[in-house]
file run-v8.cif (mmCIF, C-alpha atoms)
data_target
loop_
_atom_site.label_atom_id
_atom_site.label_comp_id
_atom_site.auth_asym_id
_atom_site.auth_seq_id
_atom_site.Cartn_x
_atom_site.Cartn_y
_atom_site.Cartn_z
CA LEU U 233 62.98 -82.12 43.73
CA ASP U 234 60.06 -79.85 42.90
CA LEU U 235 62.61 -77.16 41.98
CA LEU U 236 64.33 -79.35 39.41
CA ASP U 237 63.33 -80.53 35.95
CA VAL U 238 64.48 -83.61 34.10
CA ASP U 239 66.85 -81.67 31.84
CA VAL U 240 68.69 -80.32 34.89
CA LEU U 241 68.77 -83.78 36.45
CA HIS U 242 70.32 -85.31 33.34
CA ARG U 243 73.15 -82.76 33.39
CA VAL U 244 74.34 -83.99 36.79
CA ALA U 245 73.96 -87.72 36.06
CA HIS U 246 76.52 -90.18 34.72
CA VAL U 247 75.58 -93.47 33.06
CA VAL U 248 77.54 -96.71 33.48
CA GLU U 249 76.82 -100.29 32.45
CA GLY U 250 75.36 -102.42 35.23
CA ASP U 251 73.34 -105.62 35.69
CA ARG U 252 71.19 -104.22 38.50
CA PRO U 253 68.57 -101.51 37.97
CA GLY U 254 69.07 -98.17 39.67
CA GLY U 255 72.35 -96.46 40.39
CA HIS U 256 74.34 -94.68 43.04
CA SER U 257 74.38 -91.13 44.33
CA PRO U 258 77.68 -89.84 45.75
CA GLY U 259 77.79 -86.22 46.84
CA TYR U 260 76.87 -83.73 44.09
CA PHE U 261 76.15 -86.14 41.22
CA ALA U 262 74.36 -89.39 40.35
CA VAL U 263 75.51 -92.57 38.63
CA LEU U 264 72.84 -94.56 36.76
CA SER U 265 73.08 -98.19 35.66
CA ASP U 266 72.42 -98.87 31.99
CA PRO U 267 71.71 -102.59 31.37
CA PRO U 268 74.12 -104.34 29.00
CA LEU U 269 72.70 -105.64 25.72
CA ARG U 270 73.13 -109.25 26.88
CA LEU U 271 70.77 -108.73 29.84
CA PRO U 272 67.13 -109.64 29.07
CA ALA U 273 64.78 -106.69 29.54
CA PHE U 274 62.60 -108.83 31.83
CA ALA U 275 65.47 -109.10 34.34
CA GLN U 276 65.27 -105.39 35.06
CA ARG U 277 61.49 -105.09 34.81
CA HIS U 278 60.93 -107.85 37.37
CA ASP U 279 62.52 -105.87 40.19
CA PRO U 280 60.92 -104.03 43.13
CA ALA U 281 62.80 -100.82 42.31
CA SER U 282 62.10 -100.74 38.56
CA PHE U 283 59.23 -98.84 36.92
CA GLU U 284 59.55 -99.04 33.15
CA ASN U 285 56.45 -96.88 32.65
CA TYR U 286 58.37 -93.93 34.10
CA PRO U 287 61.94 -93.97 32.75
CA ASP U 288 63.06 -90.96 34.82
CA PHE U 289 62.25 -92.71 38.10
CA PHE U 290 65.78 -93.97 38.75
CA LEU U 291 67.19 -90.52 38.10
CA ALA U 292 64.72 -88.89 40.51
CA HIS U 293 65.46 -91.57 43.12
CA GLU U 294 69.22 -91.07 42.91
CA LEU U 295 68.92 -87.29 43.03
CA ALA U 296 66.68 -87.58 46.11
CA HIS U 297 69.65 -89.26 47.80
CA GLN U 298 71.41 -85.89 47.80
CA TRP U 299 68.96 -85.02 50.59
CA TRP U 300 68.24 -88.49 52.02
CA GLY U 301 71.49 -90.40 52.32
CA GLN U 302 73.96 -87.60 51.70
CA ALA U 303 72.76 -84.47 53.53
CA VAL U 304 71.07 -86.73 56.10
CA GLY U 305 73.05 -89.92 56.71
CA TRP U 306 72.13 -93.09 58.57
CA ARG U 307 73.88 -94.52 61.63
CA SER U 308 73.79 -98.23 60.80
CA TYR U 309 72.11 -100.74 58.51
CA HIS U 310 69.09 -100.61 60.84
CA GLU U 311 68.52 -97.02 59.70
CA GLN U 312 69.09 -97.59 55.97
CA TRP U 313 65.42 -97.01 55.27
CA LEU U 314 65.92 -93.30 56.09
CA SER U 315 67.86 -93.17 52.83
CA GLU U 316 66.20 -95.70 50.52
CA SER U 317 62.55 -95.47 51.59
CA PHE U 318 62.67 -91.69 51.60
CA SER U 319 64.27 -91.52 48.15
CA GLN U 320 61.80 -94.07 46.78
CA TYR U 321 58.83 -92.13 48.10
CA PHE U 322 60.07 -88.73 46.98
CA ALA U 323 60.84 -90.08 43.50
CA ALA U 324 57.25 -91.37 43.31
CA MET U 325 55.93 -87.97 44.42
CA TYR U 326 58.14 -86.32 41.80
CA ALA U 327 56.59 -88.56 39.14
CA LYS U 328 53.15 -87.53 40.39
CA GLN U 329 53.96 -83.88 39.66
CA ARG U 330 55.27 -84.54 36.15
CA GLY U 331 52.82 -84.21 33.27
CA PRO U 332 49.09 -84.81 32.89
CA ARG U 333 49.34 -88.54 33.72
CA GLY U 334 51.22 -87.99 36.95
CA ASP U 335 48.41 -89.22 39.20
CA ASP U 336 47.98 -92.42 37.18
CA VAL U 337 51.73 -93.09 37.16
CA PHE U 338 51.87 -92.55 40.93
CA ARG U 339 48.96 -94.91 41.60
CA ASP U 340 50.52 -97.60 39.40
CA MET U 341 53.84 -97.29 41.24
CA MET U 342 52.19 -97.53 44.64
CA ARG U 343 50.18 -100.61 43.63
CA ARG U 344 53.34 -102.34 42.43
CA MET U 345 55.21 -101.36 45.59
CA ARG U 346 52.34 -102.73 47.67
CA GLN U 347 52.40 -106.08 45.88
CA TRP U 348 56.15 -106.49 46.36
CA ALA U 349 55.90 -105.41 50.01
CA ILE U 350 53.11 -107.84 50.87
CA ASP U 351 54.75 -110.71 48.98
CA GLU U 352 58.04 -110.33 50.88
CA THR U 353 56.98 -108.92 54.26
CA ASP U 354 57.45 -112.24 56.06
CA GLN U 355 61.18 -112.07 55.26
CA GLY U 356 61.75 -109.58 58.07
CA PRO U 357 61.29 -106.00 59.26
CA ILE U 358 62.39 -102.86 57.42
CA SER U 359 64.93 -102.26 60.19
CA LEU U 360 67.03 -105.22 59.00
CA GLY U 361 68.17 -103.13 56.06
CA SER U 362 70.74 -104.73 53.77
CA ARG U 363 70.59 -108.00 55.72
CA LEU U 364 67.20 -108.72 54.18
CA GLY U 365 67.59 -111.37 51.49
CA HIS U 366 71.26 -111.91 52.34
CA LEU U 367 70.92 -115.60 53.25
CA GLN U 368 68.83 -116.27 50.13
CA GLY U 369 71.25 -114.37 47.92
CA ASP U 370 68.33 -112.32 46.60
CA SER U 371 68.75 -108.56 46.92
CA ARG U 372 65.23 -108.01 45.59
CA ILE U 373 63.90 -108.90 49.06
CA MET U 374 65.76 -105.93 50.53
CA ARG U 375 64.49 -103.61 47.81
CA ALA U 376 60.92 -104.87 48.21
CA LEU U 377 60.97 -104.05 51.93
CA VAL U 378 63.47 -101.23 52.52
CA TYR U 379 62.58 -99.39 49.29
CA ASP U 380 58.93 -100.24 48.56
CA LYS U 381 57.39 -101.15 51.90
CA GLY U 382 59.23 -98.24 53.51
CA ALA U 383 57.86 -95.83 50.89
CA LEU U 384 54.33 -97.07 51.57
CA VAL U 385 54.87 -96.63 55.31
CA LEU U 386 55.87 -93.02 54.67
CA HIS U 387 52.79 -92.57 52.49
CA MET U 388 50.58 -93.66 55.41
CA LEU U 389 51.88 -90.98 57.75
CA PRO U 390 50.37 -87.85 56.13
CA ASN U 391 47.06 -89.73 55.85
CA LEU U 392 47.17 -90.39 59.61
CA VAL U 393 48.58 -87.13 61.00
CA GLY U 394 47.70 -84.70 58.17
CA ASP U 395 49.79 -83.34 55.32
CA GLU U 396 50.84 -80.12 57.06
CA ALA U 397 51.96 -81.81 60.28
CA PHE U 398 53.81 -84.52 58.32
CA PHE U 399 55.80 -82.06 56.21
CA ARG U 400 56.52 -79.84 59.21
CA GLY U 401 57.90 -82.90 60.96
CA LEU U 402 59.91 -83.86 57.89
CA ARG U 403 61.47 -80.37 57.70
CA ARG U 404 62.21 -80.42 61.42
CA PHE U 405 63.93 -83.81 61.01
CA TYR U 406 65.96 -82.56 58.04
CA ARG U 407 67.11 -79.39 59.81
CA ALA U 408 68.09 -81.27 62.97
CA SER U 409 69.85 -84.11 61.11
CA ARG U 410 71.54 -82.27 58.24
CA PHE U 411 75.21 -83.25 57.79
CA ARG U 412 75.12 -85.97 60.42
CA SER U 413 74.07 -89.59 60.77
CA ALA U 414 70.48 -89.92 61.95
CA GLY U 415 68.36 -92.72 63.36
CA THR U 416 64.71 -93.76 63.21
CA VAL U 417 64.13 -92.31 66.66
CA ASP U 418 65.19 -88.85 65.40
CA PHE U 419 62.55 -88.98 62.68
CA LYS U 420 59.91 -90.20 65.15
CA VAL U 421 60.73 -87.46 67.67
CA ALA U 422 60.48 -84.76 64.97
CA LEU U 423 57.08 -86.03 63.85
CA GLU U 424 55.82 -86.29 67.42
CA ALA U 425 56.90 -82.71 68.11
CA GLU U 426 54.80 -81.45 65.19
CA THR U 427 51.80 -83.74 65.60
CA GLY U 428 51.55 -83.73 69.39
CA ARG U 429 50.90 -87.47 69.47
CA SER U 430 52.85 -90.61 70.29
CA LEU U 431 53.95 -92.64 67.29
CA ASP U 432 55.54 -95.47 69.30
CA ARG U 433 53.12 -98.14 68.08
CA PHE U 434 53.30 -96.94 64.47
CA PHE U 435 57.08 -97.31 64.32
CA ASP U 436 57.13 -100.49 66.42
CA ARG U 437 54.71 -102.22 64.05
CA TRP U 438 55.81 -100.86 60.68
CA ILE U 439 59.59 -100.40 61.01
CA TYR U 440 60.59 -102.97 63.65
CA GLY U 441 57.92 -105.59 62.91
CA SER U 442 57.25 -107.76 59.86
CA ALA U 443 53.53 -108.54 60.22
CA ILE U 444 50.78 -106.72 58.37
CA PRO U 445 47.36 -105.92 59.85
CA ASN U 446 44.23 -107.95 59.25
CA VAL U 447 41.23 -105.62 58.89
CA THR U 448 37.57 -106.54 58.43
CA PHE U 449 35.24 -103.87 57.04
CA SER U 450 31.46 -103.53 57.28
CA TYR U 451 28.97 -100.67 57.09
CA ARG U 452 25.42 -99.83 58.04
CA VAL U 453 23.06 -96.99 57.11
CA GLU U 454 21.48 -95.09 59.99
CA GLY U 455 19.08 -92.39 58.86
CA GLY U 456 20.99 -89.95 56.68
CA ASP U 457 24.39 -91.34 57.71
CA VAL U 458 26.52 -94.34 56.93
CA VAL U 459 28.62 -95.86 59.72
CA LEU U 460 31.89 -97.34 58.47
CA HIS U 461 33.15 -100.06 60.80
CA MET U 462 36.73 -101.44 60.92
CA GLU U 463 37.75 -104.38 63.09
CA GLN U 464 41.36 -105.53 63.50
CA VAL U 465 42.22 -109.14 64.27
CA GLY U 466 45.53 -109.85 66.00
CA ASP U 467 48.00 -107.06 66.67
CA VAL U 468 46.59 -103.54 66.53
CA PHE U 469 48.18 -101.27 63.90
CA ASP U 470 47.78 -97.63 63.00
CA LEU U 471 46.91 -97.29 59.33
CA PRO U 472 44.66 -95.30 57.00
CA VAL U 473 42.09 -97.19 54.94
CA THR U 474 40.14 -95.69 52.04
CA VAL U 475 36.45 -96.53 51.63
CA THR U 476 34.66 -95.60 48.41
CA LEU U 477 30.99 -94.68 48.78
CA GLN U 478 29.02 -95.34 45.59
CA TYR U 479 25.65 -93.66 45.20
CA ALA U 480 22.61 -94.76 43.22
CA ASP U 481 23.30 -92.10 40.58
CA ARG U 482 26.76 -93.71 40.01
CA THR U 483 28.69 -90.86 41.61
CA SER U 484 31.27 -91.83 44.20
CA VAL U 485 33.35 -90.29 46.96
CA ASP U 486 36.41 -91.59 48.79
CA VAL U 487 36.47 -91.44 52.59
CA LEU U 488 39.73 -91.85 54.50
CA VAL U 489 39.27 -93.83 57.73
CA PRO U 490 42.13 -93.59 60.28
CA VAL U 491 42.23 -97.04 61.85
CA THR U 492 44.02 -96.56 65.17
CA ASP U 493 42.24 -99.01 67.48
CA ARG U 494 40.99 -102.57 67.41
CA SER U 495 37.47 -101.39 66.60
CA VAL U 496 36.76 -98.11 64.80
CA ASP U 497 33.47 -96.53 63.70
CA LEU U 498 33.33 -93.48 61.45
CA ARG U 499 29.99 -91.78 60.82
CA VAL U 500 29.68 -90.04 57.45
CA ALA U 501 26.74 -87.91 56.29
CA LEU U 502 25.24 -89.20 53.03
CA THR U 503 24.54 -86.87 50.11
CA GLY U 504 22.23 -89.26 48.29
CA THR U 505 20.97 -92.85 48.20
CA LEU U 506 23.87 -95.16 48.98
CA ARG U 507 24.34 -98.05 46.56
CA THR U 508 27.37 -99.70 48.16
CA ALA U 509 30.60 -99.04 50.04
CA GLU U 510 33.85 -100.70 49.00
CA ILE U 511 37.13 -100.94 50.90
CA GLY U 512 40.63 -100.46 49.56
CA ARG U 513 39.91 -99.38 45.98
CA ASP U 514 43.17 -97.38 45.95
CA ASP U 515 45.15 -100.61 46.60
CA PHE U 516 47.71 -98.76 48.75
CA SER U 517 46.77 -100.21 52.15
CA LEU U 518 49.44 -102.52 53.53
CA ALA U 519 46.88 -104.84 55.05
CA THR U 520 44.77 -107.91 54.50
CA LEU U 521 41.35 -106.34 53.85
CA ASN U 522 38.24 -108.44 54.39
CA ARG U 523 34.48 -108.17 54.12
CA PRO U 524 32.41 -110.19 56.64
#
call {"tool": "encode", "arguments": {"input": "run-v8.cif", "output": "structure tokens"}}
result
Amino acid sequence: LDLLDVDVLHRVAHVVEGDRPGGHSPGYFAVLSDPPLRLPAFAQRHDPASFENYPDFFLAHELAHQWWGQAVGWRSYHEQWLSESFSQYFAAMYAKQRGPRGDDVFRDMMRRMRQWAIDETDQGPISLGSRLGHLQGDSRIMRALVYDKGALVLHMLPNLVGDEAFFRGLRRFYRASRFRSAGTVDFKVALEAETGRSLDRFFDRWIYGSAIPNVTFSYRVEGGDVVLHMEQVGDVFDLPVTVTLQYADRTSVDVLVPVTDRSVDLRVALTGTLRTAEIGRDDFSLATLNRP
């Protein structure tokens, strides 16, 4: 998507009337839903897949399906996230690259995705795909989990394994799976080949499980360092957590803490007098974050 601009995207899109936000992306073009006049605007805004502050989001999402969903298919409904989560995340990254407010738009999208994901996570795991919300007759549950929670899960990976390793793994997965139906295990194997580490627990917890981690944060100053302490209660997850260090002169710095065990300490050298340390200011962490 970084090679395309919105004008090009609009030339390969078709617009039809539809009650549900979003669209559809058959091979080589995209179909977008335009709400009928009788549909209240709130009905589309109050949806996990709708971002009215970035009107080109749906178009970017549907075009991303040419890669994720078309070029790389999915074997069954259990693997549907390989299409929808990937397209949701890449559309958000596309928005981040567009214009001077891209970072703000991206952060707002991720916060909204997080809220939907946490609100609906007890409805089931991402791997249930289109079955999520079926009994309730509410398709928003599926979009909150397969679209939004899945996108946030993808966003965690580069923060855990590093950007370069993540994108190498993504390219390996795409090359190996192009023009065939893929599964979650194929994506995991590609990432493990590039990172040199097991991701069994990551996928077990985030794709096949429905719980979210419970993390307690504390810190202590030792000499010229601050020790950031994370403690997980219950099941152990792998997740990145951002801690913001605020200094006495009001400057601040964000520190990414990879939380991959029940108890984690990260020692950080201070560059001034520490005023406070706050957890989760970015609001992207799919976790219950606590202070003792």
call {"tool": "closest_residue", "arguments": {"input": "run-v8.cif", "among": "U:Leu364, U:Trp348, U:Phe405, U:Pro524", "to": "U:Phe419", "atoms": "all atoms listed in the file"}}
result
U:Phe405
call {"tool": "closest_atom_pairs", "arguments": {"input": "run-v8.cif", "of": "stretch 451-508 of chain U", "to": "stretch 373-389 of chain U", "cutoff": "10 Å", "atoms": "all atoms listed in the file", "output": "tab-separated table"}}
result
residue	atom	partner	partner_atom	distance
U:Asp470	CA	U:Met388	CA	9.0
U:Leu471	CA	U:Met388	CA	6.5
U:Pro472	CA	U:Met388	CA	6.3
U:Val473	CA	U:Met388	CA	9.2
U:Pro490	CA	U:Met388	CA	9.8
call {"tool": "write_last_selection", "arguments": {"input": "run-v8.cif", "atoms": "C-alpha atoms", "output": "compact mmCIF listing (two decimals), in the frame of the given file"}}
result
# COMPACT_ATOMS: atom_id res chain seq x y z
CA ASP U 470 47.78 -97.63 63.00
CA LEU U 471 46.91 -97.29 59.33
CA PRO U 472 44.66 -95.30 57.00
CA VAL U 473 42.09 -97.19 54.94
CA PRO U 490 42.13 -93.59 60.28
call {"tool": "closest_residue", "arguments": {"input": "run-v8.cif", "among": "U:Phe411, U:Phe283, U:Phe318, U:Tyr406", "to": "U:Ala303", "atoms": "all atoms listed in the file"}}
result
U:Phe411
call {"tool": "closest_residue", "arguments": {"input": "run-v8.cif", "among": "U:Gly455, U:Gly415, U:Gly365, U:Gly331", "to": "U:Thr353", "atoms": "all atoms listed in the file"}}
result
U:Gly365
call {"tool": "closest_residue", "arguments": {"input": "run-v8.cif", "among": "U:Ile358, U:Leu506, U:Val453, U:Val489", "to": "U:Arg437", "atoms": "all atoms listed in the file"}}
result
U:Ile358
call {"tool": "resolve_selection", "arguments": {"input": "run-v8.cif", "expression": "the PyMOL selection byres ((chain U and resi 457) around 12)", "output": "PyMOL selection string"}}
result
chain U and resi 451-456+458-460+477+498-506
call {"tool": "atom_distance", "arguments": {"input": "run-v8.cif", "atom1": "atom CA of U:Tyr309", "atom2": "atom CA of U:Asn391"}}
result
27.5 Å
call {"tool": "closest_residue", "arguments": {"input": "run-v8.cif", "among": "U:Ser359, U:Asp418, U:Arg339, U:Lys328", "to": "U:Gly305", "atoms": "only C-alpha atoms"}}
result
U:Asp418
call {"tool": "closest_residue", "arguments": {"input": "run-v8.cif", "among": "U:Gly301, U:Pro280, U:Gly334, U:Pro287", "to": "U:Ser413", "atoms": "all atoms listed in the file"}}
result
U:Gly301
call {"tool": "atom_distance", "arguments": {"input": "run-v8.cif", "atom1": "atom CA of U:Ala519", "atom2": "atom CA of U:Gln347"}}
result
10.8 Å
call {"tool": "residues_near_point", "arguments": {"input": "run-v8.cif", "point": "(54.4, -97.2, 67.3)", "cutoff": "10 Å", "atoms": "all atoms listed in the file", "output": "list in words"}}
result
Lys420, Ser430, Leu431, Asp432, Arg433, Phe434, Phe435, Asp436, Arg437, Trp438, Ile439, Tyr440, Phe469 and Asp470 of chain U
call {"tool": "atom_distance", "arguments": {"input": "run-v8.cif", "atom1": "atom CA of U:Gly394", "atom2": "atom CA of U:Gln329"}}
result
19.6 Å
call {"tool": "residues_near_point", "arguments": {"input": "run-v8.cif", "point": "(26.8, -93.7, 42.4)", "cutoff": "10 Å", "atoms": "only C-alpha atoms", "output": "list in words"}}
result
Leu477, Gln478, Tyr479, Ala480, Asp481, Arg482, Thr483, Ser484, Val485, Gly504, Thr505, Leu506, Arg507 and Thr508 of chain U
